[in-house]
Structures are given as structure tokens and as C-alpha cells.
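All remarks here apply to the structure that follows.
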Amino acid sequence: MRPWRRADIRMRTAEVSDADLLSEVHGASFRRVWSEAEFEAMLLQAGTFAGLAEVRTRAARSRAVGFVLYRLVLTEAEILSLAVVPGWRRRGIGKMLLEEALRHLYREGAHHIHLEVEDANLPAIALYRNLEFRESGKRAGYYVQDRDKPAGALVMLRQLRETPNLGRAE
């Protein structure tokens, strides 16, 4: 087996035509799978973007191994979903996807970006903290679908640029 190298991973912008790949990665990563139609609908909304991580297989084909889905409304952004398939986790793919999204959102003029993460998902929380997200709130019982017991969420926030103080007397 060939050792993994960063050069094997290719990042690209996901298109509506990639909705099947996004759904496949999401299904390998979460309890409640978002359908191809759900991804298509989200990607057709103005201000919604996705980045896709692909790895080249031995047959020289690409295989989707992760994605980030995010939305920008005026100067506020939100990570809607981040997923890396289990066999490819802990290799920096999630970080690369988030960094690409943060750069894109900064170029587009975003001031803040927020997300929700299950409060028991310690690897994801560590990743977000490493990328300068901070806890800004909690939501009890936020994750309820396909669970015996609802799970809480942390709301996390990262400032991308200074927000002007409008209306402040000098």
C-alpha cells in the first residue's frame, strides 16, 4: 500500500452536478443522509458554495473523500456541513477544506463565520478551535433525527475581519 501524501488530494469547487458525490460523502459520515436533491437545492441557492476534496485512485480516477458546504449572506457566513469519509479522517483534509472556505469567504467580504457542531464531537471541536473558532453558545437537544437521545450542539464563531463600528461618535 502506498503511503498517503498531501499531493494525492485535490481540492476543487463543487458544482450542482456533484450533488451525488456530496450526498455519498455525507452518507458515509453522518446518521441522517442528505439526498442528492437536497444538495442540488442548496447549491442552487444564491450565496451557497461547496468545496470538494478528491483523491486519485490507482485506476487514475478521482474519488470524493470530503466536502465543505457553506453559505454567505451579506457579511455573515455559516458552515452548513463539513464531512470527511471515515477512512480519510485525521489526514488534514477537513482543515484544508475549511481553510479554502475561509479564504473564499474572506475574499467575498465576510466578517464572521459560524457553525454548529455536536458537543460530543471532540475531534471536530479541536479542528475548529485550531482554526480560531471560539464557542459563542450552546443548543440543547439540537440533533434529534435518527437518535435515541437528542444531542446538544456548540455554536462556534470566527471573526474574519474587523466589523466597522457604525454610528459610533468619534
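Residue names in the C-alpha cells use chain letters A, B, ... in the order shown, residue numbers from 1 in each chain, and ligand numbers from 1 in the order shown.
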Worksheet entry | Non-local contacts of segment 36-52 of chain A (12 Å; only C-alpha atoms; under 4 positions in same chain excluded) as an NGL selection string | :A and (9-27 or 62-85 or 93-105 or 108-110)
Test item, alpha helix (DSSP H) assignment across chain A, answer as a compact mmCIF listing (two decimals) with N, CA and C atoms, in the first residue's frame:
```txt
# COMPACT_ATOMS: atom_id res chain seq x y z
N ALA A 19 -23.77 16.92 -6.83
CA ALA A 19 -24.67 16.66 -5.70
C ALA A 19 -24.66 15.19 -5.30
N ASP A 20 -24.50 14.28 -6.25
CA ASP A 20 -24.45 12.85 -5.92
C ASP A 20 -23.21 12.52 -5.10
N LEU A 21 -22.07 13.14 -5.42
CA LEU A 21 -20.83 12.91 -4.67
C LEU A 21 -20.96 13.46 -3.25
N LEU A 22 -21.54 14.66 -3.13
CA LEU A 22 -21.72 15.26 -1.81
C LEU A 22 -22.62 14.40 -0.95
N SER A 23 -23.70 13.89 -1.53
CA SER A 23 -24.61 13.03 -0.79
C SER A 23 -23.92 11.73 -0.36
N GLU A 24 -23.10 11.19 -1.22
CA GLU A 24 -22.37 9.96 -0.91
C GLU A 24 -21.42 10.16 0.27
N VAL A 25 -20.65 11.25 0.24
CA VAL A 25 -19.72 11.54 1.33
C VAL A 25 -20.50 11.82 2.62
N HIS A 26 -21.58 12.57 2.50
CA HIS A 26 -22.41 12.88 3.67
C HIS A 26 -22.95 11.58 4.28
N GLY A 27 -23.42 10.68 3.44
CA GLY A 27 -23.97 9.42 3.91
C GLY A 27 -22.95 8.54 4.61
N ALA A 28 -21.69 8.64 4.20
CA ALA A 28 -20.64 7.86 4.84
C ALA A 28 -20.21 8.49 6.16
N SER A 29 -20.65 9.73 6.41
CA SER A 29 -20.15 10.48 7.55
C SER A 29 -21.17 10.75 8.65
N GLU A 36 -29.27 13.64 -2.73
CA GLU A 36 -28.75 14.36 -3.89
C GLU A 36 -29.63 15.58 -4.18
N ALA A 37 -30.95 15.41 -4.11
CA ALA A 37 -31.89 16.52 -4.36
C ALA A 37 -31.71 17.64 -3.33
N GLU A 38 -31.45 17.29 -2.08
CA GLU A 38 -31.24 18.31 -1.05
C GLU A 38 -29.97 19.11 -1.35
N PHE A 39 -28.91 18.43 -1.77
CA PHE A 39 -27.68 19.14 -2.12
C PHE A 39 -27.89 20.01 -3.35
N GLU A 40 -28.60 19.50 -4.35
CA GLU A 40 -28.89 20.30 -5.54
C GLU A 40 -29.62 21.57 -5.15
N ALA A 41 -30.64 21.44 -4.32
CA ALA A 41 -31.43 22.60 -3.91
C ALA A 41 -30.56 23.62 -3.16
N MET A 42 -29.70 23.15 -2.29
CA MET A 42 -28.84 24.07 -1.54
C MET A 42 -27.85 24.78 -2.47
N LEU A 43 -27.24 24.03 -3.39
CA LEU A 43 -26.25 24.63 -4.28
C LEU A 43 -26.87 25.61 -5.28
N LEU A 44 -28.17 25.50 -5.52
CA LEU A 44 -28.85 26.43 -6.41
C LEU A 44 -29.21 27.74 -5.71
N ILE A 93 -7.53 16.73 5.76
CA ILE A 93 -8.46 17.07 4.68
C ILE A 93 -9.51 18.06 5.16
N GLY A 94 -10.08 17.83 6.33
CA GLY A 94 -11.07 18.77 6.87
C GLY A 94 -10.47 20.16 7.04
N LYS A 95 -9.26 20.21 7.54
CA LYS A 95 -8.58 21.50 7.71
C LYS A 95 -8.36 22.19 6.37
N MET A 96 -7.92 21.45 5.37
CA MET A 96 -7.72 22.04 4.04
C MET A 96 -9.02 22.57 3.47
N LEU A 97 -10.09 21.81 3.63
CA LEU A 97 -11.40 22.25 3.13
C LEU A 97 -11.84 23.53 3.82
N LEU A 98 -11.71 23.57 5.14
CA LEU A 98 -12.09 24.76 5.90
C LEU A 98 -11.23 25.97 5.53
N GLU A 99 -9.94 25.76 5.39
CA GLU A 99 -9.06 26.86 5.02
C GLU A 99 -9.43 27.45 3.67
N GLU A 100 -9.76 26.58 2.71
CA GLU A 100 -10.20 27.07 1.39
C GLU A 100 -11.49 27.87 1.53
N ALA A 101 -12.43 27.37 2.32
CA ALA A 101 -13.70 28.08 2.52
C ALA A 101 -13.45 29.44 3.20
N LEU A 102 -12.59 29.48 4.21
CA LEU A 102 -12.29 30.73 4.90
C LEU A 102 -11.66 31.74 3.96
N ARG A 103 -10.73 31.30 3.11
CA ARG A 103 -10.11 32.21 2.14
C ARG A 103 -11.16 32.76 1.18
N HIS A 104 -12.03 31.88 0.67
CA HIS A 104 -13.07 32.30 -0.26
C HIS A 104 -14.01 33.31 0.41
N LEU A 105 -14.44 33.00 1.62
CA LEU A 105 -15.36 33.90 2.32
C LEU A 105 -14.71 35.24 2.63
N TYR A 106 -13.44 35.24 2.95
CA TYR A 106 -12.73 36.50 3.19
C TYR A 106 -12.72 37.35 1.91
N ARG A 107 -12.37 36.70 0.78
CA ARG A 107 -12.36 37.43 -0.50
C ARG A 107 -13.74 37.99 -0.85
N LEU A 122 -15.51 15.67 19.71
CA LEU A 122 -14.27 16.31 20.16
C LEU A 122 -13.24 16.53 19.06
N PRO A 123 -13.06 15.60 18.09
CA PRO A 123 -12.11 15.89 17.02
C PRO A 123 -12.52 17.11 16.18
N ALA A 124 -13.80 17.25 15.88
CA ALA A 124 -14.26 18.41 15.11
C ALA A 124 -14.09 19.69 15.91
N ILE A 125 -14.43 19.66 17.19
CA ILE A 125 -14.28 20.84 18.03
C ILE A 125 -12.81 21.26 18.09
N ALA A 126 -11.91 20.30 18.21
CA ALA A 126 -10.47 20.61 18.23
C ALA A 126 -10.04 21.25 16.90
N LEU A 127 -10.53 20.73 15.80
CA LEU A 127 -10.22 21.30 14.48
C LEU A 127 -10.68 22.75 14.41
N TYR A 128 -11.91 23.01 14.81
CA TYR A 128 -12.44 24.37 14.74
C TYR A 128 -11.66 25.30 15.66
N ARG A 129 -11.34 24.86 16.85
CA ARG A 129 -10.56 25.70 17.76
C ARG A 129 -9.18 25.99 17.18
N ASN A 130 -8.58 24.99 16.55
CA ASN A 130 -7.28 25.17 15.90
C ASN A 130 -7.34 26.23 14.80
```
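The list of residues with at least one atom within 6 Å of His111 of chain A, based on only C-alpha atoms and without residues fewer than 3 positions apart in the same chain, reads Thr75, Gln159, Leu160 and Arg161 of chain A.
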Could those selected residues go to a file with N, CA and C atoms, as a short mmCIF file (atom, residue, chain, number, x, y, z; two decimals), in the first residue's frame?
```cif
data_model
loop_
_atom_site.label_atom_id
_atom_site.label_comp_id
_atom_site.auth_asym_id
_atom_site.auth_seq_id
_atom_site.Cartn_x
_atom_site.Cartn_y
_atom_site.Cartn_z
N THR A 75 -22.56 39.92 4.95
CA THR A 75 -21.22 39.76 5.54
C THR A 75 -21.16 38.62 6.55
N GLN A 159 -14.19 35.34 13.66
CA GLN A 159 -14.19 36.64 13.01
C GLN A 159 -13.16 36.60 11.90
N LEU A 160 -13.56 37.02 10.69
CA LEU A 160 -12.65 37.04 9.55
C LEU A 160 -12.04 38.41 9.32
N ARG A 161 -12.78 39.46 9.70
CA ARG A 161 -12.28 40.83 9.56
C ARG A 161 -12.98 41.70 10.57
#
```
_Using DSSP secondary structure from the backbone, list all strand (DSSP E) positions within segment 37-151 of chain A, as number ranges by chain._
A: 48-56, 62-73, 76-84, 112-118, 134-143, 151
What does the file look like for those residues with C-alpha atoms, as a compact mmCIF listing (two decimals), in the first residue's frame?
```txt
# COMPACT_ATOMS: atom_id res chain seq x y z
CA THR A 48 -24.22 28.83 -1.16
CA PHE A 49 -20.89 27.21 -2.08
CA ALA A 50 -19.17 23.86 -1.67
CA GLY A 51 -15.59 22.68 -1.82
CA LEU A 52 -14.82 19.08 -2.68
CA ALA A 53 -11.73 17.02 -1.78
CA GLU A 54 -10.87 14.22 -4.16
CA VAL A 55 -8.16 11.59 -4.15
CA ARG A 56 -6.80 9.83 -7.20
CA SER A 62 -10.93 10.56 -8.71
CA ARG A 63 -12.86 9.61 -5.60
CA ALA A 64 -14.61 12.17 -3.39
CA VAL A 65 -13.36 11.92 0.20
CA GLY A 66 -14.62 15.14 1.76
CA PHE A 67 -16.52 18.37 1.31
CA VAL A 68 -17.42 21.63 2.97
CA LEU A 69 -20.76 23.31 2.31
CA TYR A 70 -21.19 26.94 3.32
CA ARG A 71 -23.38 29.96 2.81
CA LEU A 72 -22.74 33.70 2.69
CA VAL A 73 -25.47 36.29 3.27
CA GLU A 76 -22.30 36.74 7.63
CA ALA A 77 -21.27 33.21 6.71
CA GLU A 78 -22.21 29.78 8.01
CA ILE A 79 -20.65 26.35 7.62
CA LEU A 80 -23.65 24.17 6.80
CA SER A 81 -21.77 20.88 6.73
CA LEU A 82 -18.24 19.51 6.72
CA ALA A 83 -17.60 15.83 6.11
CA VAL A 84 -14.64 13.54 5.50
CA HIS A 112 -17.94 36.45 10.62
CA ILE A 113 -18.48 32.76 10.11
CA HIS A 114 -20.37 30.47 12.44
CA LEU A 115 -21.27 26.80 12.68
CA GLU A 116 -22.93 24.24 14.92
CA VAL A 117 -21.11 21.08 15.98
CA GLU A 118 -22.28 18.21 18.15
CA ARG A 134 -14.49 30.11 19.61
CA GLU A 135 -17.58 28.91 21.42
CA SER A 136 -20.36 31.50 21.25
CA GLY A 137 -23.34 29.49 22.52
CA LYS A 138 -24.98 26.13 23.14
CA ARG A 139 -28.13 24.48 21.83
CA ALA A 140 -29.57 21.72 23.99
CA GLY A 141 -31.23 18.87 22.08
CA TYR A 142 -30.20 20.34 18.70
CA TYR A 143 -29.51 17.00 16.97
CA ALA A 151 -27.57 15.59 21.40
```
